[in-house]
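Engineer: I'd like to ask you about the structure that follows.
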Amino acid sequence: VSSRGNAEALVALLVLAALYWVEAGSVGKAAVCYGLAVHMKIYPLTYALPIALRLRARPGRGEGALPARGDRTAKFTFVARLWHLFVKVLNRDVLLFGTVAGSVLAALTVAFYHLYGWEFLEHAYLYHLTRRDIRHNFSPYFYMLYLTAENKWSFALGLAAFLPQLLLLLVVSIAFYRDLAFSCFLHTAIFVTFNKVCTSQYFVWYLCLLPLVMPSIKMSWHRALLLLFLWFIGQGLWLTPAYFLEFKGYNTFLFIWLAGLLFLLINSLIIVQIISHYQKEAQVAKKLKHQ
Amino acid sequence: VTLDVQAACRDTTVTQELLKEGFHRDLLVKVELGEDAGGCAVAAQMRLPPGIYVDPYELATLQQHNLTKAVLFPDVIDLEAPEYMARDLLLLLFLQQDARCPRCFRATVPVHARYHRPAEGTEEALVVLESPEVLLCCCHSHLSAECWEPAEVDTPCSSDTTSPCQWHSTKHKPAYEESVLRVPVGLREHSSLVCALTLLTTGLCSGLILAAACKYGHFL
């Protein structure tokens, strides 16, 4: 039910539990919740990078910590620091997390394979790899993929659609891993917005993390309400031509596509606004220091 | 004598109608028998082209509530497949007595259209539904042999295997009447514009988010 259907409440609970335990320091418990969450729905797999970066940068874990800002002389170029970040990502916590989460996931996969056989593997995992859903959905890519479904370019276009998503996820993980909830929220919002298939069900994935990040976002009520209003308007503008296509039989494909692009623009604007109004105490202190 | 017998065998008429609009329709099948059914169960068998399908789960729910009785073959279908990756379906729909006339029978079944290939020069694809075949399932056979002949149907006529129930189909096939379902499709002419504008917009949006992340994020 969960991997192909809707058991969002459970997945959200497991994701929140995993994030909570990481912040609280119980790596083992976090890994168990995480493994279970990935088994139920694949999308939490993208949290692996922010969680790994967060685990290696925890205070008190001297191993793998970056040189203090004072040493930041010309010796350390940007690339060198990036290399340092990734090479040193494997510390004890990260290895523990990876091992426990991997074992939980493997054990569950084996258990369910015994219960349901090949059908389980096909529906839980393989389906998502080969899925070609060209029916109308919120994704900006929907019409492009529908029109080029049997084209020789369809693989290249699929890849072109995947690259911005991947690049953004990487950059956001590195930029914001210090605040795990914020990083995961941005991760999921970007993943859903730039995905090749997007339905209302996916919105729950990042909305469940919104209460965690709201305190850190210093935005006026007016702005927040305006952005929320825009978000709903974006959906409304898509749903109207979609209704006419599906239930009245009018050919509104162009309108649906344009509404999808507009929705992408609105979502991107909201994400940019959230990033630019994000203010954790450390950041305020940094600002004061530099003044 | 032969002429008299043939004249006595009045033709069965069958009509089908697609109700509602859009991708989700109701297929209404109406049959008027040439002569009395005589306690036989009346059914209509039709071959659904790949452009249209019946949702087996929806059908199971309707059968649970005694609203429709039908048999679908094959009973496992890919609900999401586009038309060019789907197969024909065989639907055997059991009809109920229609109150309007003594020899009238009718039934409705919900059908759904699949996505079709994008087309050039036309905004619609056509799904052609052939005329259904009328079948009678009789257990105490006293049907006139001039009008009805035994038929081979995969589905058993009745659940009671001991009773001599047998399917029959009409000897003289009723007038051929097709039903056409129009399905909107994407236009190939839009391909270049759609690809270009989509990729431009996603590029722009990812650029905006990247810029914001680089400006406000604390790297290393």
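Chain labels run A, B, ... following the order of the structure tokens; each chain numbers its residues from 1, and ligands are numbered from 1 in the order shown.
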Residues of chain A within 7 Å of chain B, counting only C-alpha atoms, what are they? List them as a list in words.
Structural biologist: Arg135, Pro140, Tyr141, Met144, Leu147, Pro164, Leu168, Val172, Ile174, Ala175, Phe176, Leu245, Glu246, Phe247, Lys248, Gly249, Tyr250, Asn251, Phe253, Leu265, Ser268, Val272, Ile275 and Ser276 of chain A
Engineer: Just the alpha helix (DSSP H) stuff from segment 20-269 of chain A, please, per backbone DSSP, written as number ranges by chain.
Structural biologist: A: 20-24, 27-40, 48-56, 78-87, 92-116, 118-121, 127-130, 142-147, 154-176, 180-193, 200-207, 210-213, 221-248, 253-269
Engineer: Between A:Tyr243, A:Phe229, A:Tyr278, A:Tyr47, single out the one closest to Ile266 of chain A, counting only C-alpha atoms.
Structural biologist: A:Phe229
Engineer: Counting only C-alpha atoms, which of B:Leu18, B:Ser144, B:Ala151, B:Leu62 gets nearest to Cys165 of chain B?
Structural biologist: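 So, comparing all the options, the nearest one is B:Ala151.
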Engineer: Just the strand (DSSP E) stuff from segment 4-207 of chain B, please, per backbone DSSP, written as JSON, numbers by chain.
Structural biologist: {"B": [13, 14, 15, 16, 17, 18, 19, 24, 25, 26, 27, 28, 29, 30, 31, 32, 41, 42, 43, 44, 45, 46, 47, 48, 52, 53, 70, 71, 72, 73, 89, 90, 91, 92, 93, 94, 96, 97, 104, 105, 106, 107, 108, 109, 110, 111, 112, 113, 124, 125, 126, 127, 128, 129, 133, 134, 135, 136, 137, 138, 148, 149, 150, 166, 167, 168, 169, 170, 179, 180, 181, 182, 183, 184]}
Engineer: Could you check how far atom CA of Trp238 of chain A sits from atom CA of Ile256 of chain A, in Å to one decimal?
Structural biologist: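 If I compute the distance from atom CA of Trp238 of chain A to atom CA of Ile256 of chain A, I get 5.7 Å.
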Engineer: I'd like the contact shell of Trp167 of chain B - 9 Å cut-off, only C-alpha atoms, skipping same-chain residues fewer than 5 positions apart - returned as a count of residues only.
Structural biologist: 12
Engineer: For segment 95-99 of chain B, find every residue with an atom within 7 Å (counting only C-alpha atoms), except residues of its own chain fewer than 6 positions away, and show them as a PyMOL selection string.
Structural biologist: chain B and resi 42-43+105-107
Engineer: For Ile274 of chain A, find every residue with an atom within 10 Å (counting only C-alpha atoms), except residues of its own chain fewer than 3 positions away, and show them as an NGL selection string.
Structural biologist: (:A and (182 or 186 or 213-214 or 216-219 or 224 or 227 or 268-271 or 277-279)) or (:B and (212))
Engineer: Kindly export the residues of the current selection with N, CA and C atoms, as a short mmCIF file (atom, residue, chain, number, x, y, z; two decimals), in the first residue's frame.
Structural biologist:
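again.cif was written with the following content:
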```
data_model
loop_
_atom_site.label_atom_id
_atom_site.label_comp_id
_atom_site.auth_asym_id
_atom_site.auth_seq_id
_atom_site.Cartn_x
_atom_site.Cartn_y
_atom_site.Cartn_z
N PHE A 182 16.00 21.96 7.94
CA PHE A 182 15.89 22.92 6.85
C PHE A 182 16.43 22.30 5.56
N LEU A 186 14.26 21.65 2.17
CA LEU A 186 14.62 22.16 0.84
C LEU A 186 14.82 21.03 -0.15
N VAL A 213 10.81 24.07 10.23
CA VAL A 213 11.67 25.15 9.73
C VAL A 213 11.04 26.52 9.88
N MET A 214 9.73 26.54 10.14
CA MET A 214 9.07 27.85 10.21
C MET A 214 9.68 28.81 11.23
N SER A 216 12.66 29.29 11.93
CA SER A 216 13.91 29.88 11.43
C SER A 216 13.71 30.83 10.28
N ILE A 217 12.48 30.91 9.79
CA ILE A 217 12.26 31.76 8.62
C ILE A 217 11.62 33.06 9.08
N LYS A 218 12.40 34.12 8.97
CA LYS A 218 11.91 35.42 9.43
C LYS A 218 11.27 36.16 8.27
N MET A 219 9.98 35.96 8.18
CA MET A 219 9.27 36.55 7.05
C MET A 219 8.02 37.22 7.59
N ALA A 224 4.32 35.86 3.73
CA ALA A 224 4.04 34.42 3.84
C ALA A 224 2.67 34.09 3.27
N LEU A 227 2.69 34.32 -0.51
CA LEU A 227 3.31 33.14 -1.14
C LEU A 227 2.38 31.94 -1.09
N SER A 268 9.48 27.80 -7.37
CA SER A 268 10.87 28.25 -7.30
C SER A 268 10.96 29.56 -6.54
N LEU A 269 10.01 30.45 -6.82
CA LEU A 269 9.98 31.74 -6.12
C LEU A 269 9.83 31.53 -4.62
N ILE A 270 8.93 30.61 -4.26
CA ILE A 270 8.71 30.34 -2.84
C ILE A 270 9.97 29.78 -2.19
N ILE A 271 10.64 28.86 -2.90
CA ILE A 271 11.86 28.27 -2.35
C ILE A 271 12.93 29.36 -2.17
N HIS A 277 15.06 34.27 3.43
CA HIS A 277 14.59 34.74 4.74
C HIS A 277 14.96 33.80 5.86
N TYR A 278 15.80 32.83 5.54
CA TYR A 278 16.21 31.87 6.55
C TYR A 278 17.25 32.50 7.45
N GLN A 279 17.02 32.44 8.74
CA GLN A 279 17.97 33.07 9.65
C GLN A 279 18.06 32.27 10.92
N ALA B 212 20.39 31.72 -5.08
CA ALA B 212 19.96 31.98 -3.70
C ALA B 212 20.75 31.11 -2.72
#
```
Engineer: If I take atom CA of His39 of chain A and atom CA of Tyr125 of chain A, how far is one from the other in Å, to one decimal?
Structural biologist: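 Atom-to-atom, atom CA of His39 of chain A and atom CA of Tyr125 of chain A are spaced 9.4 Å apart.
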